[in-house]
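Heads up, query-v2.txt below (compact mmCIF, N, CA and C atoms):
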# COMPACT_ATOMS: atom_id res chain seq x y z
N MET U 1 39.92 90.59 136.21
CA MET U 1 40.99 91.37 135.62
C MET U 1 40.99 91.13 134.12
N HIS U 2 41.08 92.20 133.38
CA HIS U 2 41.17 92.12 131.92
C HIS U 2 42.65 92.21 131.56
N ASP U 3 43.20 91.14 131.03
CA ASP U 3 44.64 91.08 130.77
C ASP U 3 44.91 91.22 129.28
N PHE U 4 45.35 92.40 128.90
CA PHE U 4 45.67 92.68 127.51
C PHE U 4 47.17 92.94 127.32
N GLU U 5 47.98 92.57 128.30
CA GLU U 5 49.41 92.83 128.23
C GLU U 5 50.03 92.22 126.98
N THR U 6 49.72 90.95 126.70
CA THR U 6 50.33 90.27 125.54
C THR U 6 49.86 90.90 124.24
N ALA U 7 48.59 91.24 124.15
CA ALA U 7 48.07 91.84 122.91
C ALA U 7 48.73 93.19 122.64
N ILE U 8 48.88 94.01 123.68
CA ILE U 8 49.53 95.33 123.51
C ILE U 8 51.00 95.13 123.16
N PHE U 9 51.68 94.20 123.84
CA PHE U 9 53.08 93.94 123.53
C PHE U 9 53.24 93.52 122.08
N ASP U 10 52.42 92.56 121.63
CA ASP U 10 52.53 92.06 120.26
C ASP U 10 52.30 93.17 119.24
N ALA U 11 51.30 94.02 119.48
CA ALA U 11 51.02 95.12 118.56
C ALA U 11 52.18 96.12 118.52
N LEU U 12 52.71 96.46 119.70
CA LEU U 12 53.82 97.40 119.75
C LEU U 12 55.06 96.80 119.10
N ALA U 13 55.35 95.54 119.38
CA ALA U 13 56.54 94.89 118.80
C ALA U 13 56.45 94.87 117.28
N THR U 14 55.30 94.50 116.75
CA THR U 14 55.13 94.44 115.29
C THR U 14 55.33 95.82 114.66
N ALA U 15 54.72 96.84 115.27
CA ALA U 15 54.84 98.20 114.73
C ALA U 15 56.27 98.73 114.83
N MET U 16 56.92 98.49 115.97
CA MET U 16 58.29 98.99 116.15
C MET U 16 59.26 98.28 115.20
N GLU U 17 59.06 96.99 114.99
CA GLU U 17 59.94 96.26 114.07
C GLU U 17 59.77 96.76 112.63
N ALA U 18 58.57 97.22 112.28
CA ALA U 18 58.35 97.79 110.95
C ALA U 18 58.99 99.17 110.84
N LEU U 19 58.92 99.95 111.90
CA LEU U 19 59.47 101.31 111.89
C LEU U 19 60.99 101.33 112.02
N PHE U 20 61.53 100.39 112.79
CA PHE U 20 62.97 100.35 113.08
C PHE U 20 63.49 98.94 112.79
N PRO U 21 63.74 98.62 111.53
CA PRO U 21 64.24 97.27 111.22
C PRO U 21 65.49 96.95 112.06
N GLY U 22 65.49 95.77 112.66
CA GLY U 22 66.61 95.36 113.50
C GLY U 22 66.44 95.66 114.97
N VAL U 23 65.36 96.38 115.35
CA VAL U 23 65.14 96.66 116.76
C VAL U 23 64.73 95.37 117.47
N TYR U 24 65.15 95.23 118.70
CA TYR U 24 64.74 94.11 119.55
C TYR U 24 63.68 94.62 120.50
N VAL U 25 62.54 93.94 120.56
CA VAL U 25 61.47 94.31 121.47
C VAL U 25 61.24 93.13 122.41
N VAL U 26 61.40 93.38 123.71
CA VAL U 26 61.31 92.32 124.70
C VAL U 26 60.34 92.72 125.80
N SER U 27 59.95 91.72 126.60
CA SER U 27 59.03 91.99 127.71
C SER U 27 59.63 91.65 129.06
N GLU U 28 60.91 91.34 129.08
CA GLU U 28 61.58 91.05 130.36
C GLU U 28 63.06 91.36 130.22
N ASP U 29 63.72 91.46 131.36
CA ASP U 29 65.15 91.74 131.36
C ASP U 29 65.92 90.60 130.71
N LEU U 30 66.98 90.97 130.02
CA LEU U 30 67.86 89.98 129.40
C LEU U 30 69.20 90.00 130.11
N PRO U 31 69.87 88.85 130.18
CA PRO U 31 71.23 88.86 130.73
C PRO U 31 72.12 89.76 129.89
N GLY U 32 73.11 90.35 130.51
CA GLY U 32 74.01 91.28 129.82
C GLY U 32 74.62 90.73 128.55
N ASP U 33 74.92 89.44 128.52
CA ASP U 33 75.55 88.87 127.34
C ASP U 33 74.55 88.61 126.21
N GLU U 34 73.26 88.82 126.47
CA GLU U 34 72.24 88.62 125.44
C GLU U 34 71.65 89.94 124.95
N LEU U 35 72.18 91.06 125.41
CA LEU U 35 71.65 92.35 125.00
C LEU U 35 72.02 92.67 123.55
N HIS U 36 71.04 93.17 122.83
CA HIS U 36 71.23 93.63 121.46
C HIS U 36 70.60 95.01 121.36
N PHE U 37 71.15 95.85 120.53
CA PHE U 37 70.65 97.22 120.40
C PHE U 37 70.34 97.53 118.95
N PRO U 38 69.40 98.43 118.70
CA PRO U 38 68.56 99.12 119.68
C PRO U 38 67.56 98.15 120.32
N LEU U 39 67.08 98.53 121.51
CA LEU U 39 66.25 97.64 122.31
C LEU U 39 65.10 98.42 122.93
N VAL U 40 63.91 97.82 122.90
CA VAL U 40 62.74 98.37 123.60
C VAL U 40 62.22 97.27 124.51
N LYS U 41 62.07 97.60 125.80
CA LYS U 41 61.46 96.66 126.75
C LYS U 41 60.13 97.25 127.19
N LEU U 42 59.04 96.51 126.95
CA LEU U 42 57.70 96.96 127.34
C LEU U 42 57.15 96.01 128.37
N VAL U 43 56.73 96.55 129.51
CA VAL U 43 56.13 95.75 130.58
C VAL U 43 54.88 96.44 131.11
N ALA U 44 53.98 95.64 131.64
CA ALA U 44 52.84 96.18 132.37
C ALA U 44 53.34 96.42 133.80
N ALA U 45 53.55 97.67 134.13
CA ALA U 45 54.12 98.03 135.43
C ALA U 45 53.11 97.89 136.55
N ASP U 46 51.82 98.02 136.23
CA ASP U 46 50.78 97.91 137.25
C ASP U 46 49.48 97.50 136.58
N ILE U 47 48.81 96.52 137.16
CA ILE U 47 47.49 96.09 136.70
C ILE U 47 46.61 96.01 137.94
N SER U 48 45.53 96.78 137.96
CA SER U 48 44.67 96.80 139.14
C SER U 48 43.24 97.10 138.74
N PRO U 49 42.28 96.73 139.60
CA PRO U 49 40.88 97.05 139.31
C PRO U 49 40.69 98.56 139.25
N ASP U 50 39.84 99.01 138.37
CA ASP U 50 39.53 100.44 138.26
C ASP U 50 38.44 100.73 139.28
N ALA U 51 38.82 101.34 140.38
CA ALA U 51 37.88 101.61 141.47
C ALA U 51 36.72 102.48 141.02
N ALA U 52 36.96 103.35 140.04
CA ALA U 52 35.91 104.24 139.58
C ALA U 52 34.79 103.49 138.87
N SER U 53 35.09 102.30 138.37
CA SER U 53 34.06 101.53 137.66
C SER U 53 33.61 100.31 138.44
N ALA U 54 33.98 100.25 139.72
CA ALA U 54 33.69 99.06 140.53
C ALA U 54 32.19 98.83 140.69
N GLU U 55 31.83 97.58 140.56
CA GLU U 55 30.47 97.13 140.81
C GLU U 55 30.57 95.85 141.62
N SER U 56 29.47 95.41 142.15
CA SER U 56 29.50 94.12 142.83
C SER U 56 29.49 93.03 141.76
N GLY U 57 30.12 91.92 142.05
CA GLY U 57 30.18 90.84 141.07
C GLY U 57 31.59 90.29 141.00
N ASP U 58 31.75 89.26 140.19
CA ASP U 58 33.03 88.58 140.11
C ASP U 58 34.06 89.32 139.26
N MET U 59 33.64 90.01 138.22
CA MET U 59 34.58 90.63 137.30
C MET U 59 34.39 92.14 137.30
N GLU U 60 35.48 92.87 137.52
CA GLU U 60 35.35 94.32 137.47
C GLU U 60 35.11 94.75 136.02
N PRO U 61 34.31 95.80 135.83
CA PRO U 61 34.01 96.24 134.47
C PRO U 61 35.24 96.77 133.73
N ARG U 62 36.16 97.38 134.46
CA ARG U 62 37.35 97.96 133.84
C ARG U 62 38.57 97.64 134.70
N THR U 63 39.71 97.51 134.03
CA THR U 63 40.98 97.27 134.71
C THR U 63 41.94 98.40 134.34
N ARG U 64 42.58 98.99 135.34
CA ARG U 64 43.59 100.03 135.08
C ARG U 64 44.92 99.34 134.82
N ILE U 65 45.58 99.77 133.76
CA ILE U 65 46.88 99.20 133.40
C ILE U 65 47.85 100.35 133.17
N GLU U 66 49.04 100.19 133.69
CA GLU U 66 50.12 101.13 133.43
C GLU U 66 51.23 100.38 132.72
N PHE U 67 51.60 100.85 131.54
CA PHE U 67 52.70 100.27 130.78
C PHE U 67 53.94 101.14 130.91
N GLN U 68 55.09 100.48 130.88
CA GLN U 68 56.36 101.20 130.88
C GLN U 68 57.22 100.66 129.75
N ALA U 69 57.78 101.58 128.97
CA ALA U 69 58.72 101.22 127.92
C ALA U 69 60.08 101.80 128.27
N GLU U 70 61.10 100.97 128.16
CA GLU U 70 62.48 101.43 128.31
C GLU U 70 63.13 101.26 126.95
N CYS U 71 63.64 102.35 126.41
CA CYS U 71 64.19 102.38 125.05
C CYS U 71 65.69 102.64 125.14
N TYR U 72 66.47 101.70 124.61
CA TYR U 72 67.92 101.74 124.74
C TYR U 72 68.60 101.86 123.38
N SER U 73 69.70 102.60 123.37
CA SER U 73 70.56 102.67 122.18
C SER U 73 72.01 102.69 122.63
N ASN U 74 72.85 101.97 121.90
CA ASN U 74 74.28 102.05 122.16
C ASN U 74 74.95 102.97 121.13
N ARG U 75 74.12 103.63 120.30
CA ARG U 75 74.65 104.56 119.29
C ARG U 75 74.53 106.01 119.72
N SER U 76 73.29 106.41 120.10
CA SER U 76 73.10 107.83 120.40
C SER U 76 71.85 108.06 121.23
N ARG U 77 71.83 109.22 121.87
CA ARG U 77 70.65 109.66 122.61
C ARG U 77 69.52 109.90 121.62
N THR U 78 69.84 110.38 120.43
CA THR U 78 68.84 110.64 119.41
C THR U 78 68.09 109.37 119.03
N GLU U 79 68.81 108.26 118.89
CA GLU U 79 68.16 107.00 118.54
C GLU U 79 67.25 106.52 119.67
N ALA U 80 67.73 106.60 120.90
CA ALA U 80 66.92 106.18 122.05
C ALA U 80 65.65 107.03 122.15
N LYS U 81 65.80 108.33 121.93
CA LYS U 81 64.65 109.24 121.98
C LYS U 81 63.68 108.94 120.84
N ALA U 82 64.18 108.63 119.65
CA ALA U 82 63.31 108.30 118.51
C ALA U 82 62.49 107.04 118.81
N LEU U 83 63.11 106.05 119.45
CA LEU U 83 62.39 104.84 119.85
C LEU U 83 61.27 105.19 120.82
N ALA U 84 61.59 106.01 121.83
CA ALA U 84 60.60 106.40 122.83
C ALA U 84 59.47 107.20 122.20
N LYS U 85 59.81 108.09 121.29
CA LYS U 85 58.79 108.90 120.61
C LYS U 85 57.86 108.01 119.78
N ALA U 86 58.42 107.05 119.08
CA ALA U 86 57.59 106.14 118.28
C ALA U 86 56.67 105.31 119.18
N CYS U 87 57.20 104.80 120.30
CA CYS U 87 56.36 104.07 121.25
C CYS U 87 55.23 104.96 121.74
N ASP U 88 55.55 106.21 122.06
CA ASP U 88 54.55 107.14 122.56
C ASP U 88 53.46 107.39 121.52
N GLU U 89 53.85 107.62 120.29
CA GLU U 89 52.85 107.87 119.24
C GLU U 89 51.93 106.66 119.06
N LEU U 90 52.50 105.46 119.11
CA LEU U 90 51.69 104.25 118.98
C LEU U 90 50.74 104.09 120.16
N MET U 91 51.28 104.18 121.37
CA MET U 91 50.45 103.98 122.56
C MET U 91 49.32 105.02 122.62
N ARG U 92 49.64 106.28 122.34
CA ARG U 92 48.59 107.32 122.38
C ARG U 92 47.56 107.10 121.29
N SER U 93 47.98 106.59 120.13
CA SER U 93 47.02 106.33 119.06
C SER U 93 46.05 105.21 119.44
N TRP U 94 46.44 104.36 120.38
CA TRP U 94 45.59 103.26 120.85
C TRP U 94 44.78 103.66 122.08
N GLY U 95 44.89 104.93 122.50
CA GLY U 95 44.07 105.42 123.60
C GLY U 95 44.76 105.52 124.95
N TRP U 96 46.03 105.17 125.03
CA TRP U 96 46.75 105.24 126.30
C TRP U 96 47.21 106.68 126.54
N ARG U 97 47.20 107.11 127.81
CA ARG U 97 47.61 108.46 128.19
C ARG U 97 49.02 108.41 128.77
N ARG U 98 49.91 109.19 128.16
CA ARG U 98 51.29 109.21 128.66
C ARG U 98 51.33 109.96 129.99
N THR U 99 52.00 109.36 130.96
CA THR U 99 52.16 110.01 132.26
C THR U 99 53.58 110.53 132.47
N SER U 100 54.54 109.98 131.72
CA SER U 100 55.89 110.51 131.81
C SER U 100 56.74 109.99 130.66
N MET U 101 57.79 110.77 130.35
CA MET U 101 58.83 110.33 129.41
C MET U 101 60.08 111.13 129.76
N MET U 102 61.16 110.40 129.99
CA MET U 102 62.39 111.10 130.35
C MET U 102 63.62 110.26 130.03
N GLN U 103 64.72 110.97 129.86
CA GLN U 103 65.99 110.27 129.71
C GLN U 103 66.45 109.87 131.10
N VAL U 104 66.92 108.62 131.22
CA VAL U 104 67.38 108.10 132.50
C VAL U 104 68.83 107.67 132.32
N GLN U 105 69.64 108.04 133.27
CA GLN U 105 71.06 107.66 133.19
C GLN U 105 71.19 106.15 133.36
N ASN U 106 71.92 105.54 132.48
CA ASN U 106 72.14 104.10 132.53
C ASN U 106 73.43 103.81 133.29
N ALA U 107 73.50 102.64 133.93
CA ALA U 107 74.72 102.26 134.65
C ALA U 107 75.91 102.23 133.70
N ASP U 108 75.70 101.70 132.51
CA ASP U 108 76.73 101.70 131.48
C ASP U 108 76.56 103.00 130.70
N ARG U 109 77.49 103.92 130.86
CA ARG U 109 77.37 105.25 130.26
C ARG U 109 77.44 105.26 128.74
N THR U 110 77.79 104.14 128.13
CA THR U 110 77.82 104.09 126.66
C THR U 110 76.45 103.78 126.09
N ILE U 111 75.50 103.49 126.94
CA ILE U 111 74.14 103.15 126.51
C ILE U 111 73.20 104.27 126.95
N ARG U 112 72.40 104.75 126.01
CA ARG U 112 71.42 105.80 126.29
C ARG U 112 70.06 105.15 126.51
N ARG U 113 69.29 105.72 127.46
CA ARG U 113 68.00 105.12 127.80
C ARG U 113 66.94 106.19 128.01
N TYR U 114 65.78 105.97 127.42
CA TYR U 114 64.59 106.78 127.68
C TYR U 114 63.54 105.86 128.27
N VAL U 115 62.79 106.37 129.25
CA VAL U 115 61.72 105.61 129.88
C VAL U 115 60.43 106.40 129.73
N ALA U 116 59.38 105.71 129.32
CA ALA U 116 58.07 106.34 129.17
C ALA U 116 57.02 105.46 129.83
N ARG U 117 55.96 106.10 130.34
CA ARG U 117 54.85 105.38 130.99
C ARG U 117 53.53 105.89 130.45
N TRP U 118 52.58 104.96 130.36
CA TRP U 118 51.22 105.28 129.92
C TRP U 118 50.22 104.58 130.83
N ARG U 119 49.04 105.21 130.98
CA ARG U 119 47.96 104.61 131.77
C ARG U 119 46.69 104.59 130.96
N GLY U 120 45.87 103.63 131.30
CA GLY U 120 44.54 103.56 130.70
C GLY U 120 43.68 102.60 131.49
N SER U 121 42.39 102.65 131.21
CA SER U 121 41.43 101.76 131.84
C SER U 121 40.81 100.93 130.72
N VAL U 122 40.90 99.61 130.84
CA VAL U 122 40.50 98.70 129.76
C VAL U 122 39.25 97.93 130.17
N ASP U 123 38.31 97.80 129.22
CA ASP U 123 37.13 96.99 129.49
C ASP U 123 37.36 95.57 128.95
N ALA U 124 36.36 94.73 129.07
CA ALA U 124 36.49 93.32 128.67
C ALA U 124 36.76 93.15 127.18
N ASP U 125 36.40 94.16 126.37
CA ASP U 125 36.63 94.08 124.93
C ASP U 125 37.96 94.71 124.52
N GLY U 126 38.72 95.20 125.50
CA GLY U 126 40.02 95.81 125.19
C GLY U 126 39.94 97.26 124.82
N MET U 127 38.79 97.89 124.98
CA MET U 127 38.65 99.32 124.69
C MET U 127 39.30 100.11 125.81
N VAL U 128 40.13 101.07 125.44
CA VAL U 128 40.87 101.87 126.41
C VAL U 128 40.16 103.19 126.64
N ALA U 129 40.00 103.54 127.91
CA ALA U 129 39.50 104.85 128.30
C ALA U 129 40.59 105.52 129.11
N ARG U 130 40.79 106.77 128.88
CA ARG U 130 41.83 107.50 129.61
C ARG U 130 41.28 107.88 130.93
Show me this structure written as structure tokens.
Amino acid sequence: MHDFETAIFDALATAMEALFPGVYVVSEDLPGDELHFPLVKLVAADISPDAASAESGDMEPRTRIEFQAECYSNRSRTEAKALAKACDELMRSWGWRRTSMMQVQNADRTIRRYVARWRGSVDADGMVAR
């Protein structure tokens, strides 16, 4: 398995912090009393061998990874959408293919949330193929 989750998270966090000063970028859920906004949570939703590139041997040539970003704002839907759009532009510029992006109703109606997902197949050098 080629694990580039941390590298992608670090790159996205650095870029988002430059684009949106004060944004919090996390990789796991936070307790309610530790939430800060605006917030982007990026996780690898699925990591699996790429069956299309399977060969015999110990290491698969490519690993399929699906990332999910949840973008939250306590100010406006526009801010949450801008966060999601920026994540999308970054991920696509790195070779990831977006599979979905939508507004999702949050349990707390004062918080707006957009969720986006991307897929790609990564080789041992971190090169992404759609």
Legend entry - alpha helix (DSSP H) residues, from DSSP on the backbone, in chain U, as a PyMOL selection string: chain U and resi 5-19+77-93
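For the pair atom CA of U:Ala18 and atom N of U:Ala86, the separation is 12.3 Å.
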Inset, instruction - Excluding stretch 37-50 of chain U and any residue of its chain fewer than 2 positions from it, enumerate the residues within 6.5 Å of it, using all atoms listed in the file, and give them as a list in words. - result: Glu5, Gly22, Val23, Tyr24, Val25, Val26, Ser27, Glu28, Leu35, Ala52, Ser53, Ala54, Glu60, Arg62, Thr63, Arg64, Ile65, Glu66, Phe67, Gln68, Ala69, Glu70, Cys71, Tyr72, Ser73 and Asn74 of chain U
Each side padded by 4 Å, which centre and which edge lengths in Å (one decimal) define the axis-aligned box around the listed atoms of stretch 13-23 of chain U? Give them as lines of an AutoDock Vina configuration file.
center_x = 60.7
center_y = 97.9
center_z = 115.1
size_x = 19.9
size_y = 14.9
size_z = 16.5
Legend entry - Near-U:Trp96 list (8 Å; all atoms listed in the file; drop same-chain fewer than 6 positions) as a PyMOL selection string: chain U and resi 90+117-121+128-130
Include N, CA and C atoms and write out the residues we just selected as a PDB file, keeping the file's coordinate frame.
ATOM      1  N   LEU U  90      52.500 105.460 119.110  1.00  0.00           N
ATOM      2  CA  LEU U  90      51.690 104.250 118.980  1.00  0.00           C
ATOM      3  C   LEU U  90      50.740 104.090 120.160  1.00  0.00           C
ATOM      4  N   ARG U 117      55.960 106.100 130.340  1.00  0.00           N
ATOM      5  CA  ARG U 117      54.850 105.380 130.990  1.00  0.00           C
ATOM      6  C   ARG U 117      53.530 105.890 130.450  1.00  0.00           C
ATOM      7  N   TRP U 118      52.580 104.960 130.360  1.00  0.00           N
ATOM      8  CA  TRP U 118      51.220 105.280 129.920  1.00  0.00           C
ATOM      9  C   TRP U 118      50.220 104.580 130.830  1.00  0.00           C
ATOM     10  N   ARG U 119      49.040 105.210 130.980  1.00  0.00           N
ATOM     11  CA  ARG U 119      47.960 104.610 131.770  1.00  0.00           C
ATOM     12  C   ARG U 119      46.690 104.590 130.960  1.00  0.00           C
ATOM     13  N   GLY U 120      45.870 103.630 131.300  1.00  0.00           N
ATOM     14  CA  GLY U 120      44.540 103.560 130.700  1.00  0.00           C
ATOM     15  C   GLY U 120      43.680 102.600 131.490  1.00  0.00           C
ATOM     16  N   SER U 121      42.390 102.650 131.210  1.00  0.00           N
ATOM     17  CA  SER U 121      41.430 101.760 131.840  1.00  0.00           C
ATOM     18  C   SER U 121      40.810 100.930 130.720  1.00  0.00           C
ATOM     19  N   VAL U 128      40.130 101.070 125.440  1.00  0.00           N
ATOM     20  CA  VAL U 128      40.870 101.870 126.410  1.00  0.00           C
ATOM     21  C   VAL U 128      40.160 103.190 126.640  1.00  0.00           C
ATOM     22  N   ALA U 129      40.000 103.540 127.910  1.00  0.00           N
ATOM     23  CA  ALA U 129      39.500 104.850 128.300  1.00  0.00           C
ATOM     24  C   ALA U 129      40.590 105.520 129.110  1.00  0.00           C
ATOM     25  N   ARG U 130      40.790 106.770 128.880  1.00  0.00           N
ATOM     26  CA  ARG U 130      41.830 107.500 129.610  1.00  0.00           C
ATOM     27  C   ARG U 130      41.280 107.880 130.930  1.00  0.00           C
TER      28      ARG U 130
END
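For stretch 42-105 of chain U, a DSSP pass over the backbone yields strand (DSSP E or B) at Leu42, Val43, Ala44, Ala45, Asp46, Ile47, Ser48, Pro49, Arg62, Thr63, Arg64, Ile65, Glu66, Phe67, Gln68, Ala69, Glu70, Cys71, Tyr72, Ser73, Arg97, Arg98, Thr99, Ser100, Met101, Met102, Gln103 and Val104 of chain U.
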Can you spit out the residues from that selection as an mmCIF file, in the frame of the given file, using N, CA and C atoms?
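result-v2.cif written:
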data_model
loop_
_atom_site.group_PDB
_atom_site.id
_atom_site.type_symbol
_atom_site.label_atom_id
_atom_site.label_comp_id
_atom_site.auth_asym_id
_atom_site.auth_seq_id
_atom_site.Cartn_x
_atom_site.Cartn_y
_atom_site.Cartn_z
ATOM 1 N N LEU U 42 59.040 96.510 126.950
ATOM 2 C CA LEU U 42 57.700 96.960 127.340
ATOM 3 C C LEU U 42 57.150 96.010 128.370
ATOM 4 N N VAL U 43 56.730 96.550 129.510
ATOM 5 C CA VAL U 43 56.130 95.750 130.580
ATOM 6 C C VAL U 43 54.880 96.440 131.110
ATOM 7 N N ALA U 44 53.980 95.640 131.640
ATOM 8 C CA ALA U 44 52.840 96.180 132.370
ATOM 9 C C ALA U 44 53.340 96.420 133.800
ATOM 10 N N ALA U 45 53.550 97.670 134.130
ATOM 11 C CA ALA U 45 54.120 98.030 135.430
ATOM 12 C C ALA U 45 53.110 97.890 136.550
ATOM 13 N N ASP U 46 51.820 98.020 136.230
ATOM 14 C CA ASP U 46 50.780 97.910 137.250
ATOM 15 C C ASP U 46 49.480 97.500 136.580
ATOM 16 N N ILE U 47 48.810 96.520 137.160
ATOM 17 C CA ILE U 47 47.490 96.090 136.700
ATOM 18 C C ILE U 47 46.610 96.010 137.940
ATOM 19 N N SER U 48 45.530 96.780 137.960
ATOM 20 C CA SER U 48 44.670 96.800 139.140
ATOM 21 C C SER U 48 43.240 97.100 138.740
ATOM 22 N N PRO U 49 42.280 96.730 139.600
ATOM 23 C CA PRO U 49 40.880 97.050 139.310
ATOM 24 C C PRO U 49 40.690 98.560 139.250
ATOM 25 N N ARG U 62 36.160 97.380 134.460
ATOM 26 C CA ARG U 62 37.350 97.960 133.840
ATOM 27 C C ARG U 62 38.570 97.640 134.700
ATOM 28 N N THR U 63 39.710 97.510 134.030
ATOM 29 C CA THR U 63 40.980 97.270 134.710
ATOM 30 C C THR U 63 41.940 98.400 134.340
ATOM 31 N N ARG U 64 42.580 98.990 135.340
ATOM 32 C CA ARG U 64 43.590 100.030 135.080
ATOM 33 C C ARG U 64 44.920 99.340 134.820
ATOM 34 N N ILE U 65 45.580 99.770 133.760
ATOM 35 C CA ILE U 65 46.880 99.200 133.400
ATOM 36 C C ILE U 65 47.850 100.350 133.170
ATOM 37 N N GLU U 66 49.040 100.190 133.690
ATOM 38 C CA GLU U 66 50.120 101.130 133.430
ATOM 39 C C GLU U 66 51.230 100.380 132.720
ATOM 40 N N PHE U 67 51.600 100.850 131.540
ATOM 41 C CA PHE U 67 52.700 100.270 130.780
ATOM 42 C C PHE U 67 53.940 101.140 130.910
ATOM 43 N N GLN U 68 55.090 100.480 130.880
ATOM 44 C CA GLN U 68 56.360 101.200 130.880
ATOM 45 C C GLN U 68 57.220 100.660 129.750
ATOM 46 N N ALA U 69 57.780 101.580 128.970
ATOM 47 C CA ALA U 69 58.720 101.220 127.920
ATOM 48 C C ALA U 69 60.080 101.800 128.270
ATOM 49 N N GLU U 70 61.100 100.970 128.160
ATOM 50 C CA GLU U 70 62.480 101.430 128.310
ATOM 51 C C GLU U 70 63.130 101.260 126.950
ATOM 52 N N CYS U 71 63.640 102.350 126.410
ATOM 53 C CA CYS U 71 64.190 102.380 125.050
ATOM 54 C C CYS U 71 65.690 102.640 125.140
ATOM 55 N N TYR U 72 66.470 101.700 124.610
ATOM 56 C CA TYR U 72 67.920 101.740 124.740
ATOM 57 C C TYR U 72 68.600 101.860 123.380
ATOM 58 N N SER U 73 69.700 102.600 123.370
ATOM 59 C CA SER U 73 70.560 102.670 122.180
ATOM 60 C C SER U 73 72.010 102.690 122.630
ATOM 61 N N ARG U 97 47.200 107.110 127.810
ATOM 62 C CA ARG U 97 47.610 108.460 128.190
ATOM 63 C C ARG U 97 49.020 108.410 128.770
ATOM 64 N N ARG U 98 49.910 109.190 128.160
ATOM 65 C CA ARG U 98 51.290 109.210 128.660
ATOM 66 C C ARG U 98 51.330 109.960 129.990
ATOM 67 N N THR U 99 52.000 109.360 130.960
ATOM 68 C CA THR U 99 52.160 110.010 132.260
ATOM 69 C C THR U 99 53.580 110.530 132.470
ATOM 70 N N SER U 100 54.540 109.980 131.720
ATOM 71 C CA SER U 100 55.890 110.510 131.810
ATOM 72 C C SER U 100 56.740 109.990 130.660
ATOM 73 N N MET U 101 57.790 110.770 130.350
ATOM 74 C CA MET U 101 58.830 110.330 129.410
ATOM 75 C C MET U 101 60.080 111.130 129.760
ATOM 76 N N MET U 102 61.160 110.400 129.990
ATOM 77 C CA MET U 102 62.390 111.100 130.350
ATOM 78 C C MET U 102 63.620 110.260 130.030
ATOM 79 N N GLN U 103 64.720 110.970 129.860
ATOM 80 C CA GLN U 103 65.990 110.270 129.710
ATOM 81 C C GLN U 103 66.450 109.870 131.100
ATOM 82 N N VAL U 104 66.920 108.620 131.220
ATOM 83 C CA VAL U 104 67.380 108.100 132.500
ATOM 84 C C VAL U 104 68.830 107.670 132.320
#
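Note that the spacing between atom CA of U:Ala11 and atom CA of U:Val115 amounts to 18.8 Å.
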Legend entry - Atom pair atom C of U:Ala80 / atom N of U:Phe4: separation (Å): 25.9 Å
Inset, instruction - Identify the residues around (71.2, 105.0, 129.0) within a radius of 9 Å, measuring from only C-alpha atoms in the coordinates stated by the file, and give them as a PyMOL selection string. - result: chain U and resi 71-74+77+80+103-114
Let's have the selection written as a compact mmCIF listing (two decimals), in the coordinates of the input, with N, CA and C atoms.
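Wrote it out as selection23.txt, contents follow:
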# COMPACT_ATOMS: atom_id res chain seq x y z
N CYS U 71 63.64 102.35 126.41
CA CYS U 71 64.19 102.38 125.05
C CYS U 71 65.69 102.64 125.14
N TYR U 72 66.47 101.70 124.61
CA TYR U 72 67.92 101.74 124.74
C TYR U 72 68.60 101.86 123.38
N SER U 73 69.70 102.60 123.37
CA SER U 73 70.56 102.67 122.18
C SER U 73 72.01 102.69 122.63
N ASN U 74 72.85 101.97 121.90
CA ASN U 74 74.28 102.05 122.16
C ASN U 74 74.95 102.97 121.13
N ARG U 77 71.83 109.22 121.87
CA ARG U 77 70.65 109.66 122.61
C ARG U 77 69.52 109.90 121.62
N ALA U 80 67.73 106.60 120.90
CA ALA U 80 66.92 106.18 122.05
C ALA U 80 65.65 107.03 122.15
N GLN U 103 64.72 110.97 129.86
CA GLN U 103 65.99 110.27 129.71
C GLN U 103 66.45 109.87 131.10
N VAL U 104 66.92 108.62 131.22
CA VAL U 104 67.38 108.10 132.50
C VAL U 104 68.83 107.67 132.32
N GLN U 105 69.64 108.04 133.27
CA GLN U 105 71.06 107.66 133.19
C GLN U 105 71.19 106.15 133.36
N ASN U 106 71.92 105.54 132.48
CA ASN U 106 72.14 104.10 132.53
C ASN U 106 73.43 103.81 133.29
N ALA U 107 73.50 102.64 133.93
CA ALA U 107 74.72 102.26 134.65
C ALA U 107 75.91 102.23 133.70
N ASP U 108 75.70 101.70 132.51
CA ASP U 108 76.73 101.70 131.48
C ASP U 108 76.56 103.00 130.70
N ARG U 109 77.49 103.92 130.86
CA ARG U 109 77.37 105.25 130.26
C ARG U 109 77.44 105.26 128.74
N THR U 110 77.79 104.14 128.13
CA THR U 110 77.82 104.09 126.66
C THR U 110 76.45 103.78 126.09
N ILE U 111 75.50 103.49 126.94
CA ILE U 111 74.14 103.15 126.51
C ILE U 111 73.20 104.27 126.95
N ARG U 112 72.40 104.75 126.01
CA ARG U 112 71.42 105.80 126.29
C ARG U 112 70.06 105.15 126.51
N ARG U 113 69.29 105.72 127.46
CA ARG U 113 68.00 105.12 127.80
C ARG U 113 66.94 106.19 128.01
N TYR U 114 65.78 105.97 127.42
CA TYR U 114 64.59 106.78 127.68
C TYR U 114 63.54 105.86 128.27
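With only C-alpha atoms as the atoms that count, the residue of U:Leu83, U:Asp88, U:Asp3, U:Val122 with the shortest distance to U:Leu19 is U:Leu83.
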